[in-house]
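K.L.:
Hey, dropping target-v2.cif in here, mmCIF, C-alpha atoms and all ligand atoms:
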data_entry
#
loop_
_atom_site.group_PDB
_atom_site.id
_atom_site.type_symbol
_atom_site.label_atom_id
_atom_site.label_comp_id
_atom_site.auth_asym_id
_atom_site.auth_seq_id
_atom_site.Cartn_x
_atom_site.Cartn_y
_atom_site.Cartn_z
ATOM 1 C CA MET A 23 0.000 0.000 0.000
ATOM 2 C CA ALA A 24 1.326 3.434 -0.903
ATOM 3 C CA LYS A 25 2.311 5.709 1.949
ATOM 4 C CA PRO A 26 -0.227 8.496 2.487
ATOM 5 C CA GLY A 27 1.053 11.891 1.366
ATOM 6 C CA ARG A 28 2.197 14.519 3.830
ATOM 7 C CA HIS A 29 0.011 17.582 3.389
ATOM 8 C CA LEU A 30 -0.909 20.743 5.251
ATOM 9 C CA ASP A 31 -2.964 18.903 7.901
ATOM 10 C CA PHE A 32 -0.034 16.586 8.495
ATOM 11 C CA PHE A 33 2.467 19.373 9.158
ATOM 12 C CA ALA A 34 0.052 21.214 11.437
ATOM 13 C CA LEU A 35 -0.441 17.993 13.397
ATOM 14 C CA MET A 36 3.295 17.213 13.557
ATOM 15 C CA GLU A 37 3.908 20.607 15.112
ATOM 16 C CA GLU A 38 1.417 19.861 17.905
ATOM 17 C CA LEU A 39 2.290 16.230 18.642
ATOM 18 C CA PRO A 40 5.397 16.730 20.823
ATOM 19 C CA ARG A 41 3.789 19.430 22.987
ATOM 20 C CA PRO A 42 2.124 18.891 26.386
ATOM 21 C CA GLY A 43 -1.650 18.368 26.471
ATOM 22 C CA CYS A 44 -3.912 16.981 23.742
ATOM 23 C CA PRO A 45 -2.820 17.871 20.179
ATOM 24 C CA VAL A 46 -6.344 17.455 18.810
ATOM 25 C CA CYS A 47 -7.796 19.784 21.452
ATOM 26 C CA ARG A 48 -5.260 22.409 20.352
ATOM 27 C CA LEU A 49 -6.084 22.019 16.660
ATOM 28 C CA ALA A 50 -9.826 22.084 17.352
ATOM 29 C CA ASP A 51 -9.488 25.255 19.441
ATOM 30 C CA ARG A 52 -7.426 26.874 16.725
ATOM 31 C CA ALA A 53 -10.047 26.021 14.077
ATOM 32 C CA GLU A 54 -12.806 27.484 16.265
ATOM 33 C CA HIS A 55 -10.818 30.661 16.767
ATOM 34 C CA ARG A 56 -10.146 30.902 13.038
ATOM 35 C CA PHE A 57 -13.823 30.339 12.243
ATOM 36 C CA LEU A 58 -14.811 33.368 14.338
ATOM 37 C CA GLU A 59 -11.946 35.467 12.980
ATOM 38 C CA VAL A 60 -12.872 34.775 9.352
ATOM 39 C CA LEU A 61 -16.547 35.342 10.117
ATOM 40 C CA PHE A 62 -15.927 38.781 11.608
ATOM 41 C CA TYR A 63 -13.131 39.965 9.324
ATOM 42 C CA GLU A 64 -14.366 38.640 6.000
ATOM 43 C CA HIS A 65 -17.974 37.537 6.038
ATOM 44 C CA ILE A 66 -19.906 39.646 8.488
ATOM 45 C CA ASN A 67 -21.371 41.878 5.751
ATOM 46 C CA ASP A 68 -22.384 38.889 3.665
ATOM 47 C CA GLY A 69 -26.130 38.424 4.072
ATOM 48 C CA HIS A 70 -25.985 34.840 2.787
ATOM 49 C CA VAL A 71 -23.464 33.857 5.442
ATOM 50 C CA ARG A 72 -25.575 35.452 8.157
ATOM 51 C CA ALA A 73 -28.680 33.724 6.813
ATOM 52 C CA ARG A 74 -26.879 30.371 7.094
ATOM 53 C CA LEU A 75 -25.875 31.197 10.662
ATOM 54 C CA ARG A 76 -29.465 32.073 11.466
ATOM 55 C CA GLU A 77 -30.327 28.462 10.573
ATOM 56 C CA THR A 78 -28.097 27.262 13.418
ATOM 57 C CA GLY A 79 -29.794 29.447 16.012
ATOM 58 C CA GLY A 80 -26.541 30.940 17.338
ATOM 59 C CA PHE A 81 -23.480 30.211 19.408
ATOM 60 C CA CYS A 82 -22.793 28.229 22.575
ATOM 61 C CA ARG A 83 -21.857 30.027 25.802
ATOM 62 C CA ARG A 84 -18.089 29.546 25.322
ATOM 63 C CA HIS A 85 -18.120 31.058 21.829
ATOM 64 C CA THR A 86 -20.558 33.798 22.786
ATOM 65 C CA GLN A 87 -18.005 34.770 25.422
ATOM 66 C CA ALA A 88 -15.211 34.697 22.815
ATOM 67 C CA ILE A 89 -17.231 36.999 20.526
ATOM 68 C CA LEU A 90 -17.914 39.399 23.398
ATOM 69 C CA GLU A 91 -14.246 39.474 24.311
ATOM 70 C CA ALA A 92 -13.275 40.273 20.703
ATOM 71 C CA GLY A 93 -15.401 43.410 21.163
ATOM 72 C CA ASP A 94 -16.487 44.033 17.542
ATOM 73 C CA ALA A 95 -19.590 46.153 18.248
ATOM 74 C CA LEU A 96 -20.644 46.701 14.626
ATOM 75 C CA GLY A 97 -20.103 43.124 13.479
ATOM 76 C CA SER A 98 -21.801 41.801 16.603
ATOM 77 C CA SER A 99 -24.792 44.113 16.090
ATOM 78 C CA LEU A 100 -25.251 42.768 12.546
ATOM 79 C CA LEU A 101 -24.788 39.190 13.647
ATOM 80 C CA PHE A 102 -26.850 39.143 16.812
ATOM 81 C CA GLY A 103 -29.577 41.366 15.341
ATOM 82 C CA ASP A 104 -30.001 38.783 12.598
ATOM 83 C CA LEU A 105 -29.948 35.868 15.001
ATOM 84 C CA LEU A 106 -32.599 37.506 17.174
ATOM 85 C CA ARG A 107 -34.879 37.950 14.177
ATOM 86 C CA GLY A 108 -34.192 34.328 13.093
ATOM 87 C CA GLY A 109 -35.169 32.959 16.473
ATOM 88 C CA LYS A 110 -34.577 29.252 15.748
ATOM 89 C CA GLN A 111 -35.803 27.220 18.720
ATOM 90 C CA PRO A 112 -34.288 25.083 20.031
ATOM 91 C CA PRO A 113 -30.888 26.200 18.743
ATOM 92 C CA GLY A 114 -28.887 23.675 16.675
ATOM 93 C CA PRO A 115 -25.207 22.880 17.206
ATOM 94 C CA CYS A 116 -22.975 25.957 17.607
ATOM 95 C CA PRO A 117 -21.296 26.696 14.238
ATOM 96 C CA ALA A 118 -17.918 27.489 15.839
ATOM 97 C CA CYS A 119 -18.040 24.200 17.791
ATOM 98 C CA GLN A 120 -18.855 22.425 14.539
ATOM 99 C CA ALA A 121 -15.779 23.943 12.885
ATOM 100 C CA GLY A 122 -13.702 22.620 15.813
ATOM 101 C CA ALA A 123 -15.264 19.159 15.615
ATOM 102 C CA GLU A 124 -14.493 18.938 11.884
ATOM 103 C CA ALA A 125 -10.871 19.942 12.493
ATOM 104 C CA ALA A 126 -10.650 17.320 15.265
ATOM 105 C CA ARG A 127 -11.933 14.568 12.979
ATOM 106 C CA ARG A 128 -9.454 15.567 10.265
ATOM 107 C CA ALA A 129 -6.573 15.557 12.761
ATOM 108 C CA GLU A 130 -7.574 12.132 14.161
ATOM 109 C CA ARG A 131 -7.766 10.693 10.649
ATOM 110 C CA CYS A 132 -4.395 12.190 9.738
ATOM 111 C CA LEU A 133 -2.774 10.897 12.952
ATOM 112 C CA LEU A 134 -3.924 7.346 12.295
ATOM 113 C CA GLN A 135 -2.974 7.460 8.622
ATOM 114 C CA HIS A 136 0.606 8.268 9.640
ATOM 115 C CA PHE A 137 0.930 6.666 13.082
ATOM 116 C CA LEU A 138 2.987 3.679 11.908
ATOM 117 C CA GLU A 139 5.672 6.009 10.531
ATOM 118 C CA PRO A 140 8.517 6.123 13.094
ATOM 119 C CA ASP A 141 8.939 9.930 13.227
ATOM 120 C CA VAL A 142 5.205 10.381 13.820
ATOM 121 C CA ALA A 143 5.036 7.760 16.582
ATOM 122 C CA ALA A 144 8.110 9.315 18.241
ATOM 123 C CA ALA A 145 6.617 12.831 18.113
ATOM 124 C CA TYR A 146 3.387 11.430 19.584
ATOM 125 C CA ARG A 147 5.188 9.704 22.455
ATOM 126 C CA ALA A 148 7.094 12.895 23.272
ATOM 127 C CA GLY A 149 3.902 14.924 23.780
ATOM 128 C CA GLY A 150 0.809 14.671 25.956
ATOM 129 C CA GLY A 151 -1.163 12.409 23.608
ATOM 130 C CA LEU A 152 -4.887 12.375 22.893
ATOM 131 C CA CYS A 153 -7.358 13.162 25.657
ATOM 132 C CA ARG A 154 -9.911 10.444 26.433
ATOM 133 C CA ARG A 155 -12.629 12.009 24.303
ATOM 134 C CA HIS A 156 -10.474 12.394 21.216
ATOM 135 C CA LEU A 157 -8.935 8.940 21.679
ATOM 136 C CA ASP A 158 -12.382 7.425 21.910
ATOM 137 C CA GLU A 159 -13.509 9.348 18.820
ATOM 138 C CA ALA A 160 -10.434 8.199 16.864
ATOM 139 C CA MET A 161 -10.988 4.571 17.903
ATOM 140 C CA ARG A 162 -14.623 4.633 16.878
ATOM 141 C CA SER A 163 -13.981 5.981 13.414
ATOM 142 C CA HIS A 164 -10.774 4.192 12.361
ATOM 143 C CA ARG A 165 -10.014 0.563 13.244
ATOM 144 C CA SER A 166 -6.595 -0.480 11.998
ATOM 145 C CA ALA A 167 -3.127 -1.643 13.049
ATOM 146 C CA ALA A 168 -2.346 2.029 13.686
ATOM 147 C CA SER A 169 -5.310 2.525 16.008
ATOM 148 C CA GLN A 170 -4.327 -0.629 17.923
ATOM 149 C CA GLN A 171 -0.818 0.751 18.460
ATOM 150 C CA LEU A 172 -2.140 4.134 19.473
ATOM 151 C CA LEU A 173 -4.438 2.470 21.982
ATOM 152 C CA GLU A 174 -1.516 0.514 23.435
ATOM 153 C CA VAL A 175 0.553 3.686 23.839
ATOM 154 C CA GLU A 176 -2.342 5.352 25.640
ATOM 155 C CA GLU A 177 -3.108 2.348 27.857
ATOM 156 C CA GLN A 178 0.492 2.278 28.985
ATOM 157 C CA ARG A 179 0.448 6.033 29.566
ATOM 158 C CA THR A 180 -2.735 5.757 31.607
ATOM 159 C CA ARG A 181 -1.201 3.113 33.884
ATOM 160 C CA GLN A 182 1.905 5.276 34.295
ATOM 161 C CA LEU A 183 -0.147 8.378 35.136
ATOM 162 C CA ALA A 184 -2.266 6.502 37.682
ATOM 163 C CA ALA A 185 0.939 5.175 39.291
ATOM 164 C CA GLU A 186 2.391 8.699 39.434
ATOM 165 C CA CYS A 187 -0.758 10.032 41.106
ATOM 166 C CA ALA A 188 -0.546 7.215 43.665
ATOM 167 C CA GLU A 189 3.134 7.967 44.223
ATOM 168 C CA PHE A 190 2.345 11.618 44.876
ATOM 169 C CA VAL A 191 -0.295 10.648 47.445
ATOM 170 C CA ALA A 192 2.131 8.183 49.077
ATOM 171 C CA LYS A 193 4.772 10.901 49.392
ATOM 172 C CA THR A 194 2.427 13.104 51.397
ATOM 173 C CA ASP A 195 2.856 10.564 54.248
ATOM 174 C CA TYR A 196 4.874 12.188 57.038
ATOM 175 C CA ARG A 197 7.311 9.254 57.015
ATOM 176 C CA ARG A 198 8.332 10.232 53.508
ATOM 177 C CA ALA A 199 8.415 13.979 54.121
ATOM 178 C CA GLY A 200 11.512 15.527 52.620
ATOM 179 C CA GLU A 201 11.770 13.087 49.710
ATOM 180 C CA PRO A 202 12.232 15.067 46.495
ATOM 181 C CA LEU A 203 9.334 15.105 44.011
ATOM 182 C CA GLY A 204 9.843 13.810 40.491
ATOM 183 C CA ARG A 205 7.339 13.715 37.631
ATOM 184 C CA GLU A 206 4.639 12.694 40.095
ATOM 185 C CA GLY A 207 4.596 16.337 41.228
ATOM 186 C CA THR A 208 2.740 17.378 38.080
ATOM 187 C CA ALA A 209 0.870 14.097 37.455
ATOM 188 C CA TRP A 210 -2.439 15.538 38.686
ATOM 189 C CA ARG A 211 -2.363 18.160 35.928
ATOM 190 C CA ARG A 212 -1.580 15.627 33.223
ATOM 191 C CA ALA A 213 -4.209 13.233 34.614
ATOM 192 C CA ALA A 214 -6.851 15.980 34.592
ATOM 193 C CA ARG A 215 -6.087 16.819 30.959
ATOM 194 C CA LYS A 216 -5.957 13.198 29.891
ATOM 195 C CA LEU A 217 -9.480 12.780 31.263
ATOM 196 C CA GLY A 218 -11.004 16.167 30.519
ATOM 197 C CA GLY A 219 -8.992 17.397 27.511
ATOM 198 C CA GLY A 220 -7.088 20.621 26.950
ATOM 199 C CA TYR A 221 -3.465 21.736 27.219
ATOM 200 C CA PRO A 222 -1.355 24.107 29.315
ATOM 201 C CA LEU A 223 -1.796 27.617 27.927
ATOM 202 C CA ASP A 224 1.776 28.619 28.720
ATOM 203 C CA GLY A 225 3.032 25.599 26.766
ATOM 204 C CA ALA A 226 4.825 24.066 29.767
ATOM 205 C CA GLU A 227 3.719 21.360 32.214
HETATM 206 ZN ZN ZN B 1 -8.437 16.331 23.078
HETATM 207 ZN ZN ZN B 2 -19.435 26.751 20.416
#
Please lay out the structure from this file as structure tokens.
Ligand SMILES: [Zn+2]
Ligand SMILES: [Zn+2]

P.N.:
Amino acid sequence: MAKPGRHLDFFALMEELPRPGCPVCRLADRAEHRFLEVLFYEHINDGHVRARLRETGGFCRRHTQAILEAGDALGSSLLFGDLLRGGKQPPGPCPACQAGAEAARRAERCLLQHFLEPDVAAAYRAGGGLCRRHLDEAMRSHRSAASQQLLEVEEQRTRQLAAECAEFVAKTDYRRAGEPLGREGTAWRRAARKLGGGYPLDGAE
């Protein structure tokens, strides 16, 4: 079988893989941010685009907050005025969230297409790896030798993380006071992200 080509999605993914936290969460967040940026900078005066948005019923709380923080009063007046007149009830899925979900599915597909290539697997092992939700999503949509290997990497990582959390708890015993902390000192952060998704905003763990 021919090796899949390395395209734009691949290079964007490769950049994220060795970093802490979930690479797919990062790419999804970036796509959501870009969706709102393009909407406000390029499409806000386009009545057809706003009519399509009206069909969705509007944005979720997280993206409403992002729009408010961007502070574009004119664009927001056009957008929200339209949405109010549309009044779809109940609202459908948030369009910015949908853009993120599409980017996540593309990244998962790309990861599995390339996971058996040694440089990709090494970059993946160096970083935080998929959060539970994105791992589960990847497993459901692509069953292959690559997904089996990815699952094994994550199962091993999960055992390691659980052991580090236990080690941290054990070291709080007064009989072990004064012992230096290793990686178990930050295990709770990595465990939280493995379960709930996300990544450290300052790029470090
Ligand atoms: Zn994730
Ligand atoms: Zn949303």

K.L.:
Separation of CA of Gly151 in chain A and CA of Lys216 in chain A, in Å?

P.N.:
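Pair CA of Gly151 in chain A / CA of Lys216 in chain A returns 7.9 Å.
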
K.L.:
For chain A against ligand ZN 2 (chain B), with a cut-off of 9 Å and counting only C-alpha atoms and all ligand atoms, what is the closest atom pair and its distance in Å to one decimal for every residue that makes the cut, ordered by chain and number, as JSON lines?

P.N.:
{"residue": "A:Glu54", "atom": "CA", "partner": "B:ZN2", "partner_atom": "ZN", "distance": 7.9}
{"residue": "A:Gly80", "atom": "CA", "partner": "B:ZN2", "partner_atom": "ZN", "distance": 8.8}
{"residue": "A:Phe81", "atom": "CA", "partner": "B:ZN2", "partner_atom": "ZN", "distance": 5.4}
{"residue": "A:Cys82", "atom": "CA", "partner": "B:ZN2", "partner_atom": "ZN", "distance": 4.3}
{"residue": "A:Arg83", "atom": "CA", "partner": "B:ZN2", "partner_atom": "ZN", "distance": 6.8}
{"residue": "A:Arg84", "atom": "CA", "partner": "B:ZN2", "partner_atom": "ZN", "distance": 5.8}
{"residue": "A:His85", "atom": "CA", "partner": "B:ZN2", "partner_atom": "ZN", "distance": 4.7}
{"residue": "A:Thr86", "atom": "CA", "partner": "B:ZN2", "partner_atom": "ZN", "distance": 7.5}
{"residue": "A:Pro115", "atom": "CA", "partner": "B:ZN2", "partner_atom": "ZN", "distance": 7.7}
{"residue": "A:Cys116", "atom": "CA", "partner": "B:ZN2", "partner_atom": "ZN", "distance": 4.6}
{"residue": "A:Pro117", "atom": "CA", "partner": "B:ZN2", "partner_atom": "ZN", "distance": 6.5}
{"residue": "A:Ala118", "atom": "CA", "partner": "B:ZN2", "partner_atom": "ZN", "distance": 4.9}
{"residue": "A:Cys119", "atom": "CA", "partner": "B:ZN2", "partner_atom": "ZN", "distance": 3.9}
{"residue": "A:Gln120", "atom": "CA", "partner": "B:ZN2", "partner_atom": "ZN", "distance": 7.3}
{"residue": "A:Ala121", "atom": "CA", "partner": "B:ZN2", "partner_atom": "ZN", "distance": 8.8}
{"residue": "A:Gly122", "atom": "CA", "partner": "B:ZN2", "partner_atom": "ZN", "distance": 8.4}

K.L.:
Enumerate residues in contact with ligand ZN 1 (chain B): an atom-to-atom distance of at most 8 Å, counting only C-alpha atoms and all ligand atoms. Format the result as a list in words.

P.N.:
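Using only C-alpha atoms and all ligand atoms, everything at most 8 Å from ligand ZN 1 (chain B) comes to Gly43, Cys44, Pro45, Val46, Cys47, Arg48, Leu152, Cys153, Arg154, Arg155, His156, Leu157, Lys216, Gly218, Gly219 and Gly220 of chain A.
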
K.L.:
Please list, as a compact mmCIF listing (two decimals) with C-alpha atoms, in the frame of the given file, the residues that have an atom at most 12 Å away from (1.3, 0.1, 15.2) in the coordinates of this file, counting all atoms listed in the file.

P.N.:
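And here's selection_17.txt as it stands now:
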# COMPACT_ATOMS: atom_id res chain seq x y z
CA LEU A 133 -2.77 10.90 12.95
CA LEU A 134 -3.92 7.35 12.30
CA GLN A 135 -2.97 7.46 8.62
CA HIS A 136 0.61 8.27 9.64
CA PHE A 137 0.93 6.67 13.08
CA LEU A 138 2.99 3.68 11.91
CA GLU A 139 5.67 6.01 10.53
CA PRO A 140 8.52 6.12 13.09
CA VAL A 142 5.20 10.38 13.82
CA ALA A 143 5.04 7.76 16.58
CA ALA A 144 8.11 9.32 18.24
CA ARG A 165 -10.01 0.56 13.24
CA SER A 166 -6.60 -0.48 12.00
CA ALA A 167 -3.13 -1.64 13.05
CA ALA A 168 -2.35 2.03 13.69
CA SER A 169 -5.31 2.52 16.01
CA GLN A 170 -4.33 -0.63 17.92
CA GLN A 171 -0.82 0.75 18.46
CA LEU A 172 -2.14 4.13 19.47
CA LEU A 173 -4.44 2.47 21.98
CA GLU A 174 -1.52 0.51 23.44
CA VAL A 175 0.55 3.69 23.84

K.L.:
Taking the file above as input, evaluate the PyMOL selection byres (((chain A and resi 211) around 12) and not hetatm) and report the hits as a PDB file with C-alpha atoms, in the coordinates of the input.

P.N.:
ATOM      1  CA  PRO A  42       2.124  18.891  26.386  1.00  0.00           C
ATOM      2  CA  GLY A  43      -1.650  18.368  26.471  1.00  0.00           C
ATOM      3  CA  GLY A 150       0.809  14.671  25.956  1.00  0.00           C
ATOM      4  CA  LEU A 183      -0.147   8.378  35.136  1.00  0.00           C
ATOM      5  CA  ALA A 184      -2.266   6.502  37.682  1.00  0.00           C
ATOM      6  CA  GLU A 186       2.391   8.699  39.434  1.00  0.00           C
ATOM      7  CA  CYS A 187      -0.758  10.032  41.106  1.00  0.00           C
ATOM      8  CA  ARG A 205       7.339  13.715  37.631  1.00  0.00           C
ATOM      9  CA  GLU A 206       4.639  12.694  40.095  1.00  0.00           C
ATOM     10  CA  GLY A 207       4.596  16.337  41.228  1.00  0.00           C
ATOM     11  CA  THR A 208       2.740  17.378  38.080  1.00  0.00           C
ATOM     12  CA  ALA A 209       0.870  14.097  37.455  1.00  0.00           C
ATOM     13  CA  TRP A 210      -2.439  15.538  38.686  1.00  0.00           C
ATOM     14  CA  ARG A 212      -1.580  15.627  33.223  1.00  0.00           C
ATOM     15  CA  ALA A 213      -4.209  13.233  34.614  1.00  0.00           C
ATOM     16  CA  ALA A 214      -6.851  15.980  34.592  1.00  0.00           C
ATOM     17  CA  ARG A 215      -6.087  16.819  30.959  1.00  0.00           C
ATOM     18  CA  LYS A 216      -5.957  13.198  29.891  1.00  0.00           C
ATOM     19  CA  LEU A 217      -9.480  12.780  31.263  1.00  0.00           C
ATOM     20  CA  GLY A 218     -11.004  16.167  30.519  1.00  0.00           C
ATOM     21  CA  GLY A 219      -8.992  17.397  27.511  1.00  0.00           C
ATOM     22  CA  GLY A 220      -7.088  20.621  26.950  1.00  0.00           C
ATOM     23  CA  TYR A 221      -3.465  21.736  27.219  1.00  0.00           C
ATOM     24  CA  PRO A 222      -1.355  24.107  29.315  1.00  0.00           C
ATOM     25  CA  ALA A 226       4.825  24.066  29.767  1.00  0.00           C
ATOM     26  CA  GLU A 227       3.719  21.360  32.214  1.00  0.00           C
TER      27      GLU A 227
END

K.L.:
Using 4 Å of padding on each side, determine the axis-aligned box around all atoms of range 33-44 of chain A present in the file and give its centre and edge lengths in Å to one decimal, as AutoDock Vina command-line options.

P.N.:
--center_x 0.7 --center_y 18.7 --center_z 17.8 --size_x 17.3 --size_y 13.0 --size_z 25.3
